[in-house]
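**Q** Please see the structure below; I have some questions.
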Amino acid sequence: MSGAAPAPDSSSERPALAALAARLGIAGEYRSALDGSIRTTADATRERLVAAMGFDASSEMRARVVFAALAAEDRDRWLASCRVVSDETLFRTGILLERSTPGRVAFEVEVETESGGFRGWKGWVPTGGASIPLPGPLPWGEHRVRLALRTACSPAKRFEQRLIVTPRTAWPVEAGLPSGRGFGLTAQLYTLRRRDGWGAGDLGALRSLIELASAEGAAFVGLNPLHALANQGDRVGPYSPISRLYGNPVYLELERVPEWAEDEAARRLAGEGCLQAERARLVAGERIDLEAVAAAKQPVLERLYAAFLRREAQAPSERGRAFEAYRAQEGAALEGHARYRTIAEHLSTREVRALDPWDWRTWPIRLRDAGGPAVADLAEANPLRVGFHAWCQFELDRQLGEAATLARTPVSASGSISTSPSAAPGAAATTGSTATTSPPRARARRPTPSRRRAGRQLPPLDPRRLRADGYRLWRRMLRATLRHAGAMRLDHALCLRRLFWIPEGAAAEEGAYVAYPEAEMLGVLALESHRARAAIVAEDLGTVPEGFRDTLHEHGLLTSSVLLFEREGEGFRAAERHPVRAVASAGTHDLPPLAAWLGRDDLRLRRRVGQIPDEASLAALEAEREALQRALASLVATEEARSGPGRPEAGGSEPARPDEPAGEASAVRTPARVAAAVTRFLCRTPAQLVALSVDDLAGETEPINLPGVPPDRHASWCRPIAIAPEALADSPIARAWLDAVPDERRSRPQQASCVSSTRGISTDRTTSGQA
């Protein structure tokens, strides 16, 4: 784009602002999720989002100045500062110039490879040329390109580029699952309360789930994101992290911390009457109180850390050396996270209404600069607290590694999948430490058909800064998630293409979409996928642009196929018409469990909390649900008649007859019969993977999340599973789901595969047996 005056925009009274916003990727219009209408981005929104990206467009003259400066940068640049390209494309195109040469130009190229090697060559670019051929292929990874161009009558101009060479597609699921087909279990880990636990599911519960999955021949275990949370009030949702690089210490299994066996004082503290009573209360509570669980575990963790320090002071051990190596490897990111938590603790003792200890933007100004002297002084004055928070991450990483090892052993033939929250570029990696990539005056949100300002809202990453930084933060987030996982589920994958930004303090209707460098982010995702030997699953539900799913498949990603969304006409899509490169499931964490859907419990809950406004609306939704239930019963009965019922289901009763009226089929089926029928249907689809939810295995009738409902009306993300994880295998309803899985979907130990989700991005975690 040239530096000429921007073309007028008929939708804007400020054409210079509209042109600048378009150049920065801010969409001029979008289709509303509320009513399908086309909404035009207001000039006030444009101005505020441009400001959030660091540019002043408060007047037309200032907008023109910024536009001209950006155009001049492009005009003077011959080599893009960053390029992400597949190895195949790079060898075909060579090093691309930003424009054609006006005459014959001499070049000198030096490439410093990621491994530290050097390659250099020189030559001539012919008149009109726009690329420099490579003398040979470059390996995958990030390389540094240094280019010098000179003509006969001008001095050399020098440019640098981060060149990220990637595979064409992500790691294939077939590499870890030779049959190419399998099934697994998915769960919100914190809901799996052990009988002898602390009131929330932890990595001990994960071991129980892995053992169950292994016994059933499952190929993976899929988990919610395990990111660090504030663990306070309504900040307990796994998709609203304070860090996308580090985990939540509440998941630590205290009894497996090595110092537990060494330190009698810690064991005595955990066994004291008052703490035992608190644990019993938390385990028996109707809701999960994550804040209370964290508070109960904290003093024991501190005692264990003190035992660690005492031992290391007396005689340095291999564990102590491993901790120091971990801190050195994680470097400034871990130090920043530990300092952030230390500052938040420090500020939590202050009773200042405008101060939010977990939101660095409300901190005293001197503490907002992560690299400033005030933060350094506070860390120097509190080395034990900073060290404690770093040690918690070290131990969490160790226990996650143990779980991954368990999942990959021949004895436990199952792996693990992680989920990354709310879109890859959806939020900063560590709150308060990524101001260079996360604009402070905007929030990102996944739009929902609701006029309320409830729901997930996270600080977005600035796509221009993300790219200028060579996607280092994106790569770091992916590596953190995939470190111990065999696959990753990328929540709201459409955020690779665009993300809905809302100016700080504004209503959702005042937001707009911002474009992201989709192809380059997919390339980086493919690279990190291969390095971790982990498959990638994209959550692509809802309305997505035409061709988006094809793009995901072309890059080797699996997509999501949810039974309740797979509709045709007024019914459901037949099994053979479901997608192949997909993970098939009955629902998601944003949908009611199957038992709730069948019993319409979710509709009554939504009416109680005001999401359904009146009884007439409830009656209309119940009638719509009844029609869908009849359609589902008919579909399952037809599929069973065509393909046979598979394994006998719990209870020994037969499936519905194909000639049975759809209404009767729905009415006479018990929850166990429906569970078995739905399992068989999902397993008959061509989808490579089938995911069974532990919510369904436990027969839960309350959704874990009610999207768009504020916490003062309903507390999402805190409903526990009614059955302890160690007892799940003996539950009749769980047996109905599991026994209906056909043998061809089950993995033998040597065939188990691993699927995982991102732990620190907007993504989920999966563990599997063969990464």
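Chain labels run A, B, ... following the order of the structure tokens; each chain numbers its residues from 1, and ligands are numbered from 1 in the order shown.
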Looking only at the backbone, which of the residues in stretch 527-593 of chain A does DSSP tag as alpha helix (DSSP H), as a VMD selection string?
**A** chain A and resid 527 to 532 548 to 554
**Q** Give me, as an NGL selection string, all polymer residues having an atom no more than 8 Å from stretch 158-173 of chain A, counting only C-alpha atoms and skipping those fewer than 6 positions away in the same chain.
**A** :A and (77-88 or 90 or 138-149 or 180 or 470 or 523-527 or 529-530 or 533-536 or 554-557 or 753 or 755)
**Q** If we count only C-alpha atoms, what is near stretch 721-730 of chain A at a cut-off of 9 Å, once residues fewer than 4 positions away on the same chain are taken out, given as a count of residues only?
**A** 20
**Q** Rank A:Ala266, A:Ala468, A:Leu706, A:Val690 by their smallest atom-to-atom distance to A:Glu744, using only C-alpha atoms, and report the top residue only.
**A** A:Val690
**Q** Enumerate the residues of stretch 219-295 of chain A with a DSSP assignment of strand (DSSP E or B), computed from the backbone, and present them as a ChimeraX atom specification.
**A** /A:220-223,227,232,235,243,247
**Q** With N, CA, C and O atoms retained, write the just-selected residues as a PDB file, in the first residue's frame.
**A**
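Output saved as again_13.pdb:
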```
ATOM      1  N   PHE A 220      -6.556 -42.124  24.512  1.00  0.00           N
ATOM      2  CA  PHE A 220      -6.161 -40.838  25.078  1.00  0.00           C
ATOM      3  C   PHE A 220      -7.058 -40.468  26.247  1.00  0.00           C
ATOM      4  O   PHE A 220      -8.150 -41.003  26.427  1.00  0.00           O
ATOM      5  N   VAL A 221      -6.553 -39.543  27.038  1.00  0.00           N
ATOM      6  CA  VAL A 221      -7.320 -38.868  28.081  1.00  0.00           C
ATOM      7  C   VAL A 221      -7.217 -37.379  27.786  1.00  0.00           C
ATOM      8  O   VAL A 221      -6.109 -36.849  27.658  1.00  0.00           O
ATOM      9  N   GLY A 222      -8.335 -36.722  27.653  1.00  0.00           N
ATOM     10  CA  GLY A 222      -8.353 -35.295  27.341  1.00  0.00           C
ATOM     11  C   GLY A 222      -8.727 -34.479  28.555  1.00  0.00           C
ATOM     12  O   GLY A 222      -9.671 -34.810  29.277  1.00  0.00           O
ATOM     13  N   LEU A 223      -7.989 -33.397  28.813  1.00  0.00           N
ATOM     14  CA  LEU A 223      -8.199 -32.567  29.995  1.00  0.00           C
ATOM     15  C   LEU A 223      -8.459 -31.124  29.623  1.00  0.00           C
ATOM     16  O   LEU A 223      -8.091 -30.661  28.538  1.00  0.00           O
ATOM     17  N   HIS A 227      -3.846 -24.303  33.248  1.00  0.00           N
ATOM     18  CA  HIS A 227      -3.148 -23.035  33.448  1.00  0.00           C
ATOM     19  C   HIS A 227      -3.321 -22.501  34.869  1.00  0.00           C
ATOM     20  O   HIS A 227      -4.291 -22.792  35.563  1.00  0.00           O
ATOM     21  N   GLN A 232      -9.790 -17.463  42.819  1.00  0.00           N
ATOM     22  CA  GLN A 232     -10.575 -16.634  43.730  1.00  0.00           C
ATOM     23  C   GLN A 232     -11.872 -16.207  43.082  1.00  0.00           C
ATOM     24  O   GLN A 232     -11.902 -15.889  41.887  1.00  0.00           O
ATOM     25  N   ARG A 235     -13.015 -16.214  39.377  1.00  0.00           N
ATOM     26  CA  ARG A 235     -11.832 -16.426  38.538  1.00  0.00           C
ATOM     27  C   ARG A 235     -11.315 -17.851  38.692  1.00  0.00           C
ATOM     28  O   ARG A 235     -10.153 -18.090  38.986  1.00  0.00           O
ATOM     29  N   SER A 243      -1.870 -17.075  33.503  1.00  0.00           N
ATOM     30  CA  SER A 243      -0.676 -17.422  32.727  1.00  0.00           C
ATOM     31  C   SER A 243      -1.017 -18.539  31.770  1.00  0.00           C
ATOM     32  O   SER A 243      -1.756 -19.460  32.115  1.00  0.00           O
ATOM     33  N   GLY A 247       1.373 -23.580  35.196  1.00  0.00           N
ATOM     34  CA  GLY A 247       0.199 -24.299  35.649  1.00  0.00           C
ATOM     35  C   GLY A 247      -0.312 -23.850  37.001  1.00  0.00           C
ATOM     36  O   GLY A 247       0.255 -22.985  37.673  1.00  0.00           O
TER      37      GLY A 247
END
```
**Q** Would you mind reading off the distance between atom CA of A:Ala637 and atom CA of A:Thr543, one decimal, in Å?
**A** 29.4 Å
**Q** In Å to one decimal, how far is atom CA of A:Arg350 from atom CA of A:Ala306?
**A** 26.4 Å
**Q** Report the distance between atom CA of A:Gly128 and atom CA of A:Leu70 in Å, rounded to one decimal place.
**A**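 If I compute the distance from atom CA of A:Gly128 to atom CA of A:Leu70, I get 24.4 Å.
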**Q** Within 12 Å of A:Arg577, counting only C-alpha atoms, which residues show up once you throw out same-chain ones fewer than 5 positions away? Write them as a list in words, please.
**A**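 Non-adjacent residues within range: Ser561, Leu563, Glu566, Arg567, Glu568, Phe572, Ala584, Phe681, Leu682, Arg684, Thr685, Pro686 and Ala687 of chain A.
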**Q** Need to verify the contact set: A:Ile288, 7 Å, only C-alpha atoms, exclusion of same-chain residues closer than 2 positions in sequence. Can you return it as number ranges by chain?
**A** A: 199-200, 285-286, 290, 718-720
**Q** Let me make sure I understand: among A:Ala672, A:Val514, A:Ala228, A:Ala379, which one has the smallest atom-to-atom distance to A:Ala21 if we use only C-alpha atoms?
**A**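 Using only C-alpha atoms, the shortest distance to A:Ala21 belongs to A:Val514.
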**Q** Counting only C-alpha atoms, what is within 9 Å of A:Ser58, bar same-chain residues fewer than 4 positions away, as number ranges by chain?
**A** A: 17, 47-48, 51, 62-63
**Q** Taking into account only C-alpha atoms, which residue in the set A:Val111, A:Ala19, A:Leu396, A:Leu245 is nearest to A:Asp202?
**A** A:Leu396
**Q** Can you tell me which residues surround A:Glu330 at a distance of at most 12 Å, considering only C-alpha atoms, apart from same-chain residues fewer than 6 positions away, and format the answer as a list of chain:residue names?
**A**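 My reading of the contact set: A:Leu245, A:Tyr246, A:Phe323, A:Glu324, A:Gly336, A:His337, A:Ala338, A:Ala390, A:Trp391, A:Gln393, A:Phe394, A:Asp397, A:Arg476, A:Arg479, A:Ala480.
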**Q** Closest to A:Arg150 among A:Val283, A:Val125, A:Ala130, A:Val609, using only C-alpha atoms?
**A**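 Selected residue with least distance to A:Arg150: A:Val125.
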**Q** Which one is closest to A:Ile38: A:Ala631, A:Ala270, A:Ala512, A:Leu522? Count only C-alpha atoms.
**A**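 Looking only at the distances to A:Ile38, the closest residue turns out to be A:Ala512.
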